[in-house]
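Below is the file run_12.cif, which contains mmCIF, C-alpha atoms.
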data_target
loop_
_atom_site.label_atom_id
_atom_site.label_comp_id
_atom_site.auth_asym_id
_atom_site.auth_seq_id
_atom_site.Cartn_x
_atom_site.Cartn_y
_atom_site.Cartn_z
CA MET O 1 -8.14 16.71 3.66
CA LEU O 2 -8.05 14.71 0.40
CA ARG O 3 -9.92 11.44 -0.15
CA THR O 4 -10.40 9.36 -3.29
CA ILE O 5 -13.62 7.61 -4.26
CA SER O 6 -14.04 5.20 -7.16
CA ILE O 7 -17.18 5.82 -9.22
CA LYS O 8 -18.49 3.22 -11.66
CA LEU O 9 -19.64 4.64 -15.00
CA ASN O 10 -22.71 3.34 -16.84
CA THR O 11 -21.46 3.72 -20.41
CA ASP O 12 -23.15 2.49 -23.54
CA THR O 13 -21.25 0.88 -26.44
CA GLU O 14 -20.64 4.14 -28.31
CA GLN O 15 -19.43 5.97 -25.21
CA SER O 16 -17.13 3.10 -24.28
CA GLU O 17 -15.57 3.20 -27.76
CA GLN O 18 -15.04 6.97 -27.44
CA LEU O 19 -13.32 6.52 -24.09
CA LEU O 20 -11.15 3.72 -25.47
CA ALA O 21 -10.07 5.97 -28.33
CA LEU O 22 -9.23 8.70 -25.80
CA GLN O 23 -7.23 6.26 -23.66
CA THR O 24 -5.27 5.07 -26.71
CA ALA O 25 -4.44 8.61 -27.84
CA TYR O 26 -3.51 9.57 -24.27
CA ALA O 27 -1.17 6.58 -23.94
CA ASP O 28 0.43 7.40 -27.31
CA ALA O 29 1.07 10.97 -26.14
CA CYS O 30 2.63 9.72 -22.90
CA ASN O 31 4.86 7.29 -24.78
CA ALA O 32 5.89 10.06 -27.19
CA LEU O 33 7.05 12.15 -24.20
CA VAL O 34 9.39 9.44 -22.88
CA PRO O 35 12.26 10.11 -25.35
CA ALA O 36 12.24 13.79 -24.36
CA VAL O 37 12.46 12.81 -20.70
CA ILE O 38 15.39 10.46 -21.36
CA GLU O 39 17.25 12.79 -23.73
CA ASN O 40 16.99 15.85 -21.46
CA ARG O 41 16.93 13.95 -18.16
CA CYS O 42 13.94 16.06 -17.24
CA TRP O 43 10.77 15.14 -15.37
CA ASN O 44 9.90 18.56 -14.08
CA ARG O 45 6.40 19.40 -15.31
CA VAL O 46 7.09 23.02 -16.29
CA ALA O 47 10.44 22.27 -17.94
CA LEU O 48 9.08 19.28 -19.88
CA HIS O 49 6.12 21.37 -21.03
CA LYS O 50 8.53 23.91 -22.56
CA LEU O 51 10.55 21.14 -24.21
CA ALA O 52 7.84 18.91 -25.67
CA TYR O 53 4.38 20.52 -25.59
CA TYR O 54 4.26 21.95 -29.12
CA ASP O 55 5.75 18.82 -30.68
CA ILE O 56 3.19 16.53 -28.99
CA ARG O 57 0.37 18.97 -29.69
CA ALA O 58 1.16 18.86 -33.41
CA LYS O 59 1.29 15.05 -33.55
CA SER O 60 -1.51 14.09 -31.16
CA PRO O 61 -5.30 14.36 -31.66
CA LEU O 62 -5.59 15.38 -28.01
CA GLY O 63 -6.68 18.86 -27.08
CA SER O 64 -4.31 21.31 -25.45
CA GLN O 65 -5.36 20.61 -21.87
CA MET O 66 -5.16 16.85 -22.35
CA VAL O 67 -1.60 17.21 -23.65
CA CYS O 68 -0.81 19.12 -20.45
CA ASN O 69 -2.38 16.28 -18.48
CA ALA O 70 -0.25 13.73 -20.36
CA ILE O 71 2.86 15.71 -19.41
CA PHE O 72 1.67 15.61 -15.79
CA THR O 73 1.18 11.81 -15.95
CA VAL O 74 4.65 11.19 -17.35
CA CYS O 75 6.34 13.48 -14.84
CA LYS O 76 4.46 11.86 -11.97
CA ALA O 77 5.56 8.39 -13.11
CA TYR O 78 9.22 9.39 -13.34
CA LYS O 79 9.10 11.19 -9.99
CA ALA O 80 7.80 7.97 -8.47
CA GLN O 81 10.72 6.08 -10.03
CA ALA O 82 13.15 8.65 -8.65
CA ALA O 83 11.60 8.39 -5.17
CA LEU O 84 12.10 4.62 -5.31
CA LYS O 85 15.76 5.23 -6.33
CA ARG O 86 15.30 3.38 -9.62
CA ILE O 87 16.80 6.20 -11.67
CA LYS O 88 20.58 6.14 -11.57
CA THR O 89 22.96 6.54 -14.49
CA GLU O 90 20.46 5.44 -17.14
CA ILE O 91 16.87 6.61 -17.20
CA PRO O 92 14.41 3.74 -17.78
CA ALA O 93 12.04 3.93 -20.74
CA LEU O 94 8.63 3.63 -19.11
CA ALA O 95 5.70 2.27 -21.13
CA PHE O 96 2.22 3.78 -20.86
CA ASP O 97 0.32 1.24 -22.97
CA ARG O 98 -2.54 0.92 -20.47
CA ALA O 99 -2.25 4.31 -18.83
CA SER O 100 -5.15 5.80 -16.96
CA VAL O 101 -6.38 9.14 -18.31
CA HIS O 102 -5.83 12.10 -16.02
CA PHE O 103 -8.69 14.63 -15.84
CA ASP O 104 -8.74 18.03 -14.21
CA LYS O 105 -11.51 20.60 -13.76
CA ARG O 106 -11.11 21.81 -17.33
CA THR O 107 -11.79 18.37 -18.80
CA TYR O 108 -14.68 17.08 -16.68
CA SER O 109 -17.68 18.32 -14.72
CA ILE O 110 -20.35 16.76 -12.49
CA LYS O 111 -23.99 17.79 -12.44
CA ASP O 112 -27.22 16.01 -11.42
CA GLY O 113 -25.60 12.56 -11.20
CA MET O 114 -24.09 12.88 -14.68
CA LEU O 115 -20.41 13.07 -15.51
CA SER O 116 -19.39 15.23 -18.48
CA LEU O 117 -16.08 14.04 -19.96
CA TYR O 118 -13.78 15.30 -22.69
CA THR O 119 -13.29 12.90 -25.61
CA LEU O 120 -11.67 13.19 -29.04
CA SER O 121 -15.11 13.67 -30.61
CA GLY O 122 -16.43 16.18 -28.09
CA ARG O 123 -17.96 16.08 -24.64
CA ILE O 124 -20.09 13.13 -23.58
CA LYS O 125 -22.40 12.78 -20.57
CA VAL O 126 -22.13 9.49 -18.70
CA PRO O 127 -24.42 8.34 -15.85
CA MET O 128 -22.60 7.62 -12.59
CA VAL O 129 -23.46 4.54 -10.51
CA LEU O 130 -23.37 5.93 -6.97
CA GLY O 131 -23.65 3.81 -3.86
CA ASP O 132 -24.19 5.06 -0.31
CA PHE O 133 -20.41 5.23 0.23
CA GLN O 134 -19.93 7.53 -2.77
CA ARG O 135 -22.99 9.68 -2.05
CA VAL O 136 -22.00 10.39 1.57
CA ARG O 137 -18.54 11.59 0.50
CA LEU O 138 -19.44 13.30 -2.77
CA GLU O 139 -22.08 15.64 -1.36
CA PRO O 140 -19.89 17.60 1.13
CA GLY O 141 -16.63 17.18 -0.81
CA SER O 142 -15.06 19.53 -3.34
CA PRO O 143 -14.07 17.61 -6.52
CA LYS O 144 -10.45 17.93 -7.61
CA GLU O 145 -8.46 15.90 -10.15
CA ALA O 146 -9.41 12.39 -11.27
CA GLU O 147 -8.20 9.31 -13.13
CA LEU O 148 -10.27 7.42 -15.70
CA VAL O 149 -9.44 3.69 -15.64
CA PHE O 150 -10.73 0.69 -17.57
CA ARG O 151 -10.89 -2.48 -15.48
CA ASN O 152 -12.48 -5.82 -16.37
CA GLY O 153 -14.63 -4.29 -19.10
CA THR O 154 -15.93 -1.44 -16.92
CA TRP O 155 -14.97 2.22 -16.72
CA PHE O 156 -14.24 3.78 -13.33
CA PHE O 157 -13.69 7.42 -12.45
CA ASN O 158 -11.34 7.70 -9.46
CA LEU O 159 -12.17 11.14 -8.14
CA VAL O 160 -10.16 13.06 -5.54
CA LEU O 161 -12.32 15.00 -3.09
CA GLU O 162 -11.24 17.73 -0.71
CA THR O 163 -13.20 17.48 2.52
CA GLN O 164 -13.06 19.38 5.77
CA ALA O 165 -10.72 17.70 8.22
CA PRO O 166 -12.46 16.51 11.39
CA GLU O 167 -11.58 17.96 14.75
CA VAL O 168 -8.42 16.29 16.08
CA HIS O 169 -8.70 14.65 19.49
CA THR O 170 -5.99 15.54 22.00
CA GLY O 171 -4.89 14.64 25.50
CA GLU O 172 -6.06 11.02 25.34
CA PRO O 173 -4.23 7.64 25.38
CA VAL O 174 -2.07 6.21 22.59
CA LEU O 175 -2.77 2.91 20.83
CA GLY O 176 0.44 1.12 19.77
CA VAL O 177 0.28 -1.18 16.73
CA ASP O 178 2.97 -3.74 15.91
CA VAL O 179 2.78 -5.20 12.37
CA GLY O 180 4.16 -8.57 11.39
CA GLU O 181 3.76 -11.57 9.14
CA ASN O 182 2.64 -14.35 11.50
CA ASN O 183 0.26 -11.85 13.09
CA LEU O 184 -0.70 -9.06 10.70
CA ALA O 185 -1.04 -6.68 13.63
CA ALA O 186 -1.07 -6.58 17.40
CA THR O 187 -2.32 -3.70 19.52
CA SER O 188 -1.15 -2.44 22.89
CA THR O 189 -4.58 -3.38 24.28
CA GLY O 190 -3.90 -7.07 23.57
CA LYS O 191 -5.82 -7.56 20.32
CA LEU O 192 -4.20 -9.90 17.77
CA PHE O 193 -4.98 -10.12 14.05
CA GLY O 194 -3.66 -13.44 12.78
CA GLY O 195 -1.90 -13.69 9.44
CA GLY O 196 -1.47 -17.44 9.14
CA ASP O 197 -4.37 -17.97 6.73
CA LEU O 198 -3.28 -15.08 4.51
CA ARG O 199 0.34 -16.29 4.49
CA ASP O 200 -0.82 -19.78 3.51
CA ARG O 201 -2.90 -18.37 0.64
CA ARG O 202 0.02 -16.26 -0.58
CA ASP O 203 2.35 -19.29 -0.51
CA ARG O 204 -0.20 -21.24 -2.55
CA PHE O 205 -0.45 -18.44 -5.11
CA LEU O 206 3.35 -18.30 -5.35
CA ALA O 207 3.62 -22.06 -5.85
CA LEU O 208 0.88 -21.99 -8.51
CA ARG O 209 2.51 -19.12 -10.40
CA THR O 210 5.88 -20.89 -10.28
CA ARG O 211 4.40 -24.10 -11.74
CA LEU O 212 2.52 -22.26 -14.48
CA GLN O 213 5.50 -20.10 -15.46
CA SER O 214 7.80 -23.12 -15.69
CA ASN O 215 5.21 -24.98 -17.83
CA GLY O 216 5.11 -22.33 -20.55
CA SER O 217 2.13 -23.82 -22.44
CA ALA O 218 -0.68 -21.74 -23.92
CA SER O 219 -3.17 -23.03 -21.32
CA SER O 220 -0.79 -22.18 -18.46
CA ARG O 221 -0.35 -18.65 -19.79
CA GLN O 222 -4.13 -18.33 -20.07
CA LEU O 223 -4.54 -19.44 -16.45
CA LEU O 224 -1.81 -16.99 -15.36
CA ARG O 225 -3.78 -14.15 -16.93
CA LYS O 226 -6.96 -15.39 -15.25
CA ILE O 227 -5.47 -15.42 -11.74
CA SER O 228 -3.49 -12.20 -12.27
CA GLY O 229 -4.07 -9.80 -9.42
CA ARG O 230 -6.08 -12.28 -7.35
CA GLU O 231 -3.46 -12.45 -4.61
CA ALA O 232 -3.07 -8.65 -4.47
CA ARG O 233 -6.84 -8.23 -4.17
CA ARG O 234 -6.99 -10.76 -1.34
CA VAL O 235 -4.17 -9.02 0.55
CA LYS O 236 -5.79 -5.62 0.02
CA LEU O 237 -9.14 -6.86 1.31
CA GLU O 238 -7.53 -8.33 4.43
CA ASN O 239 -5.54 -5.15 5.09
CA HIS O 240 -8.74 -3.10 4.81
CA ARG O 241 -10.45 -5.40 7.30
CA VAL O 242 -7.60 -5.28 9.81
CA SER O 243 -7.03 -1.53 9.49
CA LYS O 244 -10.72 -0.84 10.09
CA ALA O 245 -10.66 -3.02 13.21
CA ILE O 246 -7.55 -1.22 14.51
CA VAL O 247 -9.16 2.20 14.13
CA LEU O 248 -12.34 0.95 15.83
CA GLU O 249 -10.18 -0.34 18.71
CA ALA O 250 -8.58 3.10 19.03
CA GLN O 251 -12.04 4.66 19.19
CA ARG O 252 -13.18 2.10 21.76
CA ILE O 253 -10.46 3.04 24.26
CA GLY O 254 -10.76 6.75 23.47
CA ALA O 255 -7.27 6.99 21.97
CA SER O 256 -6.21 10.25 20.34
CA THR O 257 -3.13 8.80 18.60
CA ILE O 258 -2.14 5.56 16.90
CA ALA O 259 1.57 4.70 17.03
CA LEU O 260 2.98 2.73 14.10
CA GLU O 261 6.47 1.43 13.37
CA ASP O 262 8.73 3.41 11.07
CA LEU O 263 9.87 0.53 8.82
CA THR O 264 11.67 2.65 6.22
CA ASN O 265 14.42 0.66 4.42
CA ILE O 266 13.45 -2.55 6.20
CA ARG O 267 13.57 -4.51 2.93
CA GLU O 268 17.24 -3.60 2.46
CA ASN O 269 18.00 -5.06 5.90
CA ILE O 270 16.21 -8.38 5.42
CA LYS O 271 18.59 -11.30 5.92
CA GLY O 272 17.92 -14.96 5.29
CA GLY O 273 17.64 -17.55 2.56
CA ARG O 274 15.90 -17.13 -0.76
CA ARG O 275 12.59 -18.48 0.55
CA ILE O 276 12.60 -16.12 3.55
CA ARG O 277 13.53 -13.11 1.41
CA THR O 278 10.85 -13.92 -1.18
CA ARG O 279 8.17 -14.22 1.49
CA LEU O 280 9.10 -11.06 3.37
CA HIS O 281 9.52 -8.94 0.22
CA ARG O 282 5.88 -9.75 -0.54
CA TRP O 283 4.80 -8.59 2.93
CA ALA O 284 2.35 -5.71 2.44
CA PHE O 285 3.10 -3.93 5.73
CA ARG O 286 3.22 -0.48 4.10
CA GLN O 287 -0.24 -0.92 2.61
CA LEU O 288 -1.67 -1.88 6.01
CA GLN O 289 -0.05 1.12 7.67
CA THR O 290 -1.33 3.43 4.92
CA PHE O 291 -4.87 2.11 5.37
CA VAL O 292 -4.66 2.61 9.15
CA ALA O 293 -3.32 6.16 8.69
CA TYR O 294 -6.00 7.46 6.33
CA LYS O 295 -8.86 5.75 8.19
CA ALA O 296 -7.63 7.20 11.48
CA GLN O 297 -7.13 10.71 10.10
CA SER O 298 -10.64 10.72 8.61
CA LEU O 299 -11.97 10.27 12.16
CA GLY O 300 -9.78 12.94 13.72
CA LEU O 301 -7.16 10.57 15.16
CA ASP O 302 -3.49 11.41 14.87
CA VAL O 303 -0.96 8.88 13.53
CA ILE O 304 2.69 8.89 14.54
CA PHE O 305 5.54 6.71 13.23
CA VAL O 306 8.19 5.82 15.81
CA ASP O 307 11.56 4.10 15.70
CA PRO O 308 10.89 0.41 16.55
CA ALA O 309 14.48 -0.30 17.71
CA TYR O 310 14.46 -2.84 20.58
CA SER O 311 10.67 -2.65 20.84
CA SER O 312 10.47 -6.45 20.43
CA GLN O 313 13.27 -7.12 22.94
CA SER O 314 12.43 -4.64 25.72
CA CYS O 315 10.00 -5.27 28.53
CA SER O 316 7.03 -2.92 28.33
CA LEU O 317 6.70 -3.02 32.12
CA CYS O 318 10.24 -2.33 33.38
CA GLY O 319 12.10 -1.40 30.18
CA GLU O 320 14.83 -4.04 30.57
CA ILE O 321 15.91 -6.42 27.79
CA GLY O 322 13.94 -9.64 28.09
CA LEU O 323 13.77 -13.01 26.37
CA ARG O 324 11.61 -13.68 23.32
CA GLN O 325 10.81 -17.28 22.42
CA LYS O 326 8.57 -17.42 19.35
CA HIS O 327 5.34 -15.71 20.49
CA LEU O 328 6.17 -15.51 24.20
CA PHE O 329 8.05 -12.65 25.82
CA SER O 330 9.33 -12.99 29.37
CA CYS O 331 11.38 -10.68 31.57
CA SER O 332 13.42 -11.12 34.74
CA CYS O 333 10.92 -8.82 36.51
CA GLY O 334 8.31 -11.56 36.15
CA PHE O 335 6.36 -9.97 33.28
CA ARG O 336 5.09 -12.38 30.61
CA ALA O 337 3.04 -11.50 27.52
CA HIS O 338 2.54 -12.19 23.85
CA ALA O 339 5.68 -10.92 22.13
CA ASP O 340 3.80 -8.83 19.55
CA CYS O 341 1.51 -7.24 22.16
CA ASN O 342 4.56 -6.43 24.27
CA ALA O 343 6.16 -4.72 21.24
CA ALA O 344 2.95 -2.76 20.62
CA ARG O 345 2.96 -1.52 24.23
CA ASN O 346 6.55 -0.37 23.79
CA LEU O 347 5.57 1.55 20.64
CA ALA O 348 2.76 3.25 22.56
CA ARG O 349 5.18 4.15 25.37
CA ILE O 350 7.71 5.62 22.89
CA ALA O 351 4.96 7.65 21.21
CA GLU O 352 3.74 8.97 24.56
CA ARG O 353 7.23 10.23 25.35
CA ILE O 354 7.47 11.94 21.95
CA LEU O 355 4.05 13.56 22.35
CA SER O 356 4.77 14.75 25.89
CA ALA O 357 7.97 16.41 24.63
CA ARG O 358 5.89 18.32 22.06
CA VAL O 359 3.48 19.78 24.63
CA SER O 360 3.82 23.54 24.88
CA VAL O 361 4.61 24.96 28.28
CA ASN O 362 4.33 28.46 29.70
CA ALA O 363 7.63 30.32 29.52
CA PRO O 364 8.95 31.29 32.97
CA ASP O 365 8.71 34.94 33.90
CA VAL O 366 12.44 35.62 34.29
CA ALA O 367 11.89 39.27 35.19
CA ALA O 368 9.80 38.25 38.16
#
Would you write out, as structure tokens, the structure that this file holds?
Amino acid sequence: MLRTISIKLNTDTEQSEQLLALQTAYADACNALVPAVIENRCWNRVALHKLAYYDIRAKSPLGSQMVCNAIFTVCKAYKAQAALKRIKTEIPALAFDRASVHFDKRTYSIKDGMLSLYTLSGRIKVPMVLGDFQRVRLEPGSPKEAELVFRNGTWFFNLVLETQAPEVHTGEPVLGVDVGENNLAATSTGKLFGGGDLRDRRDRFLALRTRLQSNGSASSRQLLRKISGREARRVKLENHRVSKAIVLEAQRIGASTIALEDLTNIRENIKGGRRIRTRLHRWAFRQLQTFVAYKAQSLGLDVIFVDPAYSSQSCSLCGEIGLRQKHLFSCSCGFRAHADCNAARNLARIAERILSARVSVNAPDVAA
């Protein structure tokens, strides 16, 4: 099982300058690879290595392994574009001006709380600032690849660790989770996580950005840079809080599986006016589901994505189509519940059917 931890580096002025020089040379190498990708329509790592390695190696001050890492970074970026279906007839020219530096086991090592890193002027040893969170995960984990990033004047080493997967729980109940905008999430046990405050904050950020962008003055551009990323950080923090609470709820009821909605291609199906589309396209449902998935899997809980068709319209008690009025769901059978909690119960019921169909059974003894 792979987990990523972010480690703060305690660099001095000279070390920071060496890492900045490495980041600049790495970004230049990545940018130099882009024309080869476009000309040959190639983002396969092995094929691009054969096409461009010696040319970049001759022009760049990077060592051989760092050039290989730059090829990996460029290919990964273009594969991500292809997965998002952004590569069609013309291949976009990606820019790597502030690219993170990819490290592998040949270009870094960890020993006695010190991080040894490759730079253009030789290896440097940098002290790592480790908190309890990092120590608990670093000790049993096996270090893999990493990314060196520079954020707000500080260097961070985002290290991937391979850890032993916990024992998976089986044969226990399923917790259904319905995600939304008015309520960030609702569980089949009746827990609601409101999203009104977060939606209000996001609308305020959007209105502020719109005013500043239309102003166009130097002070407005300065304020735009100052608030850049503030909304994304707020949303990420809230999604971490909610996802943690969901996993704790699953543990509380002894659930072995968490059922989430499969919302693939939902953005393409969004209908409504410009304001509605703008608001829903900024809905970070995928991030919340990703946080729930990795937190659950780290505790040995399974996560299953199910088709949410009619889950908001069907009665979780009798299965018939009911009536939804804002947050209230009612059915002709007399069942009444919060609409999102009803949908979450339906997701749990669908997941239970899927899981029961997967259970292995003893084959009948036909000869007997």
**Message:** Just want the 7 Å neighbourhood of range 233-241 of chain O, counted on only C-alpha atoms, with same-chain residues fewer than 3 positions away dropped. Output as a PyMOL selection string.
**Reply:** chain O and resi 229-230+244-245+288+291
**Asked** For the atom pair CA of Ser243 in chain O and CA of Leu198 in chain O, what is the interatomic distance in Å to one decimal place?
**Response** 14.9 Å
**Message:** So the first atom is CA of Ala232 in chain O and the second is CA of Lys88 in chain O; what is the distance between them in Å, to one decimal place?
**Reply:**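 About the pair CA of Ala232 in chain O and CA of Lys88 in chain O: they are 28.8 Å apart.
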**Item:** Residue among O:Gln65, O:Thr257, O:Thr107, O:Gln287 lying closest to Phe305 in chain O, counting all atoms listed in the file
**Value:**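 Selected residue with least distance to Phe305 in chain O: O:Thr257.
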**Request:** Spell out the residues picked by the PyMOL selection byres ((chain O and resi 122-133) around 10) here, as number ranges by chain.
**Result:** O: 5-12, 15-16, 18-19, 107-121, 134-138, 156-157
**Asked** Do you know which residues the PyMOL selection byres ((chain O and resi 339-352) around 8) returns on this file, as a PyMOL selection string?
**Response** chain O and resi 174-178+183+185-192+258-261+304+306+308+311-316+324+326-329+337-338+353-356
**Request:** Compare O:Asn44, O:Ala296, O:Thr290, O:Arg106 by their minimum atom-to-atom distance to Leu248 in chain O, counting all atoms listed in the file, and give me the closest one.
**Result:** O:Ala296
**Item:** Residue list as a PyMOL selection string for point (-4.4, -17.9, -17.5), cut-off 12 Å, all atoms listed in the file
**Value:** chain O and resi 208-209+212-213+215-230
**Request:** Would you mind reading off the distance between CA of Val46 in chain O and CA of Cys75 in chain O, one decimal, in Å?
**Result:** 9.7 Å
Could N, CA and C atoms be built for range 231-242 of chain O and written out as a PDB file, in the coordinates of the input?
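Result file is selection_5.pdb:
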ATOM      1  N   GLU O 231      -4.149 -12.498  -5.894  1.00  0.00           N
ATOM      2  CA  GLU O 231      -3.460 -12.450  -4.610  1.00  0.00           C
ATOM      3  C   GLU O 231      -3.437 -11.022  -4.049  1.00  0.00           C
ATOM      4  N   ALA O 232      -3.123 -10.046  -4.916  1.00  0.00           N
ATOM      5  CA  ALA O 232      -3.070  -8.650  -4.470  1.00  0.00           C
ATOM      6  C   ALA O 232      -4.428  -8.189  -3.956  1.00  0.00           C
ATOM      7  N   ARG O 233      -5.509  -8.612  -4.624  1.00  0.00           N
ATOM      8  CA  ARG O 233      -6.840  -8.230  -4.170  1.00  0.00           C
ATOM      9  C   ARG O 233      -7.168  -8.849  -2.814  1.00  0.00           C
ATOM     10  N   ARG O 234      -6.744 -10.095  -2.620  1.00  0.00           N
ATOM     11  CA  ARG O 234      -6.990 -10.760  -1.340  1.00  0.00           C
ATOM     12  C   ARG O 234      -6.246 -10.058  -0.211  1.00  0.00           C
ATOM     13  N   VAL O 235      -4.967  -9.713  -0.461  1.00  0.00           N
ATOM     14  CA  VAL O 235      -4.170  -9.020   0.550  1.00  0.00           C
ATOM     15  C   VAL O 235      -4.773  -7.650   0.859  1.00  0.00           C
ATOM     16  N   LYS O 236      -5.198  -6.943  -0.177  1.00  0.00           N
ATOM     17  CA  LYS O 236      -5.790  -5.620   0.020  1.00  0.00           C
ATOM     18  C   LYS O 236      -7.064  -5.702   0.845  1.00  0.00           C
ATOM     19  N   LEU O 237      -7.897  -6.683   0.559  1.00  0.00           N
ATOM     20  CA  LEU O 237      -9.140  -6.860   1.310  1.00  0.00           C
ATOM     21  C   LEU O 237      -8.847  -7.131   2.784  1.00  0.00           C
ATOM     22  N   GLU O 238      -7.870  -7.998   3.043  1.00  0.00           N
ATOM     23  CA  GLU O 238      -7.530  -8.330   4.430  1.00  0.00           C
ATOM     24  C   GLU O 238      -6.942  -7.120   5.154  1.00  0.00           C
ATOM     25  N   ASN O 239      -6.107  -6.346   4.465  1.00  0.00           N
ATOM     26  CA  ASN O 239      -5.540  -5.150   5.090  1.00  0.00           C
ATOM     27  C   ASN O 239      -6.619  -4.104   5.394  1.00  0.00           C
ATOM     28  N   HIS O 240      -7.625  -3.999   4.527  1.00  0.00           N
ATOM     29  CA  HIS O 240      -8.740  -3.100   4.810  1.00  0.00           C
ATOM     30  C   HIS O 240      -9.500  -3.565   6.054  1.00  0.00           C
ATOM     31  N   ARG O 241      -9.715  -4.862   6.160  1.00  0.00           N
ATOM     32  CA  ARG O 241     -10.450  -5.400   7.300  1.00  0.00           C
ATOM     33  C   ARG O 241      -9.696  -5.144   8.611  1.00  0.00           C
ATOM     34  N   VAL O 242      -8.406  -5.440   8.601  1.00  0.00           N
ATOM     35  CA  VAL O 242      -7.600  -5.280   9.810  1.00  0.00           C
ATOM     36  C   VAL O 242      -7.458  -3.806  10.190  1.00  0.00           C
TER      37      VAL O 242
END
